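So the structure is just underneath, and the comments pick up after that.
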Amino acid sequence: MTRFTAAWRHGDRLFDATIILAALSVLLLVATIGYELWQNSALSRAMFGWNFLFTSDWDPALEQVFGALPFIMGTLVTSLVALLIAVPVGVGVAVFLAELAPDWLRQPLGLLVEMLAAVPSVVYGMWGLFNFVPIFVKPLAQWLNQSFGFLPIFAGPVYGPSRLAASLLLAIMILPTIAVVSRDVFRAIPPAQREAALALGATRWEMIWQVLIPYGLSGLLGAVILGLGRALGETVAVTMVIGNNLDLSASLLHPGYTMASIIANEFAEATFELYLHALIEIGLILFCLTLGLNLAARLLVWRVARRAPQEARA
Amino acid sequence: MNPRLDPVKAPMLRMLWRKAVNMTMLTLTGLFTLLAITPLIWILVYVVREGAPALSLSFFTELPTPAGIPGGGLANALVGSAITVGLGVVLAAPIGVLTAFYVAAHPNTPLGLSVRFATDVISGVPSIVMGIFAYTIIVLPQRHFSALAGGVVLAFIMLPIIIRTTEEMLKLVPNALREGSLALGASEWRTSWSVLLPAAINGVLTGLMLGMARAAGEAAPMLFTAFGNPFMSTALDQPIATLPHTIFVYAISPYADWHAKAWATALVLIGLVLVLNLLARLIIWWRTCQLGSVTR
């Protein structure tokens, strides 16, 4: 009998070891990604140092100097403009789905929004290239240029493929992420909060704006961070509509470049090692950015978790 | 007259104003929702309109013709996508499911917390960076692009989805089932294998389907791992064509004939991805209802 038990215990230990090994391999994967990116960008890091981040020469052909500034700027600008559009709309959708929509409409509408997140990015890119940009973005850009052309961000000439096109496409692509996560945040807010606000005479909008949004603020910030992460790394769709141009001008209506799209365009053709290492260093920057965003999101969650019990007592 | 000075009218006006703001903002959220789903409808209609005419039996059975020569199909990309996605599932599923068991059983240990954080990080890493990673560990040492590198990259992309979905489903299994099994004398692993896994098997399948749907649409990392191949290839150590990569290459080419093919491919891909997603959601929904009633 003891032998029998011991055998099963042994099985337990084997099982424990297996699942711990699997879990450790996931940790190892993250570490290896960082290590490989670091190692394989060594030449570029040694050659250009921190200047890589702040110079804008990208010349693989003649001088063989590399600076990532145009790509970093392009990624930041397109992602931030996309957030400016997608956050209010996404949170609005979340409010509608969680608080206002009649029950029979919630499931189907939620499903449609989730399906929007499932469309492959290359399909977004192709639709953007052939349909969305010529039909919607270009007329919009012309109008912006005519009405607000005195502002440097809307300076002409007007192109179809542009930072604006990439930003709008990104906004559409990250909207479902923001909407779905925010909807879940609203759903998790206890009904007592709503009832209290309404009982004090608040209108439904005042309840949403003054009670629900402050209550769920950290969760909503988490949704924004997730959306930003998706926008930073989005590759093929952006590559197809941004115009791929090293131009550093401030205008949203000009073609630009992003970190992900320079990698997509030139990686397979990087003919010498320094070139390859420069591209991998751009990948390293992207990796660090997403790692930082994830850390920020995690800290946010911890802060809320620590605050929650006190709130419950009060 | 300044309405603020009138003690009777002021509160009424204020109430009217508040109601107006309320109505405006609530209507706006509804409009935003319409605005949000417009692109989905627009894309679906456009992809069907452009892609359906180019779809035929030969699209699925024949190999691509050179640009300008009509006919031909994308059998090679269909096979290539099946091979790379299949390889991804084979690599990611065991590690993902076992990791989910660990995380679900030890949610608050240091290892459990770090694994959950690592899962978040992996799902946040842009797929193109995953592509670079696979390039450095597989393509560089082998000195050529390969289907293997493509499959490995897809495995990394699927892994966090599989871990999360499986973990969520494991957490839904009522504790009483687990305790019952342990009380009957079953060991931990026996309980996991014969009680938890069957109860959560739908979750595992859902995770696999969501992971496959995501992986099947990835074009970016394929650019320098699987690389593409105009011929039929089933060898793991050779470059291979995939559906999303073919769409990308054909769409940015100057040939109208290739554009038509790209639309047809997009139609096939979007159909595949949406069906996988809908099925997965159906299973989740059904499972949640079922387990919800058991717990109650």
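Every chain in the structure tokens takes a letter, A first, then B, and so on in the order presented; its residues are numbered from 1, and the ligands are numbered from 1 following the presented order.
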Alpha helix (DSSP H) call set, DSSP backbone run, range 2-250 of chain A, as an MDAnalysis selection string: chainID A and resid 2:39 42:48 51:54 69:95 103:118 121:127 138:148 163:188 191:199 204:207 213:215 217:233 236:241
Just need the residues of chain B within 7 Å of chain A, counting only C-alpha atoms, so spit them out as a ChimeraX atom specification. /B:22,25-26,29-30,32-33,37,40,43,95,98-99,101-102,115,118,121-122,124-126,128-129,132-133,136,187-189,217-220,223-224,244,248,251,266,270,273-274
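Here the question is which of A:Val180, A:Leu84, A:Val65, A:Ile72 gets nearest to Gly222 in chain A using only C-alpha atoms, and that residue is A:Val180.
CA of Ile189 in chain A lies 20.2 Å from CA of Glu168 in chain B.
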Tell me, as a list of chain:residue names, which residues lie within 7 Å of range 275-278 of chain A, counting only C-alpha atoms; anything in the same chain fewer than 2 positions away does not count. A:Asn40, A:Ser41, A:Ala42, A:Leu43, A:Ser44, A:Pro60, A:Phe66, A:Phe267, A:Ala270, A:Thr271, A:Phe272, A:Glu273, A:Ile280, A:Glu281, A:Ile282
Within 10 Å of Leu197 in chain B, counting only C-alpha atoms, which residues show up once you throw out same-chain ones fewer than 5 positions away? Write them as number ranges by chain, please. B: 97, 101, 166, 169-170, 173, 190-192, 202-204
Selection: 8 Å around range 70-82 of chain B, only C-alpha atoms, excl. self and same-chain fewer than 3 positions, as an MDAnalysis selection string: chainID B and resid 58:65 67 85:86 147 216 229:234 240:243 246 257 261
Trp58 in chain A environment, 9 Å, only C-alpha atoms, sequence neighbours closer than 3 positions dropped, as a PDB file with N, CA and C atoms, in the first residue's frame:
```
ATOM      1  N   THR A  55      19.418  60.770 -34.542  1.00  0.00           N
ATOM      2  CA  THR A  55      19.852  61.246 -35.856  1.00  0.00           C
ATOM      3  C   THR A  55      18.927  60.684 -36.928  1.00  0.00           C
ATOM      4  N   GLU A  63      26.882  55.948 -47.540  1.00  0.00           N
ATOM      5  CA  GLU A  63      27.668  56.284 -46.353  1.00  0.00           C
ATOM      6  C   GLU A  63      27.609  55.193 -45.292  1.00  0.00           C
ATOM      7  N   GLN A  64      26.588  54.369 -45.386  1.00  0.00           N
ATOM      8  CA  GLN A  64      26.358  53.327 -44.390  1.00  0.00           C
ATOM      9  C   GLN A  64      26.257  53.891 -42.979  1.00  0.00           C
ATOM     10  N   VAL A  65      25.458  54.968 -42.839  1.00  0.00           N
ATOM     11  CA  VAL A  65      25.155  55.465 -41.498  1.00  0.00           C
ATOM     12  C   VAL A  65      23.662  55.247 -41.249  1.00  0.00           C
ATOM     13  N   PHE A  66      23.332  55.025 -39.975  1.00  0.00           N
ATOM     14  CA  PHE A  66      21.957  54.722 -39.639  1.00  0.00           C
ATOM     15  C   PHE A  66      21.506  55.525 -38.436  1.00  0.00           C
ATOM     16  N   GLY A  67      20.352  56.182 -38.558  1.00  0.00           N
ATOM     17  CA  GLY A  67      19.737  56.876 -37.435  1.00  0.00           C
ATOM     18  C   GLY A  67      18.256  56.609 -37.491  1.00  0.00           C
ATOM     19  N   ALA A  68      17.647  56.364 -36.342  1.00  0.00           N
ATOM     20  CA  ALA A  68      16.272  55.868 -36.345  1.00  0.00           C
ATOM     21  C   ALA A  68      15.241  56.958 -36.090  1.00  0.00           C
ATOM     22  N   PRO A  70      13.562  59.295 -37.812  1.00  0.00           N
ATOM     23  CA  PRO A  70      12.330  59.401 -38.597  1.00  0.00           C
ATOM     24  C   PRO A  70      11.328  58.298 -38.254  1.00  0.00           C
ATOM     25  N   LEU A 246      11.206  59.063 -45.778  1.00  0.00           N
ATOM     26  CA  LEU A 246      12.040  59.460 -44.636  1.00  0.00           C
ATOM     27  C   LEU A 246      11.844  60.909 -44.224  1.00  0.00           C
TER      28      LEU A 246
END
```
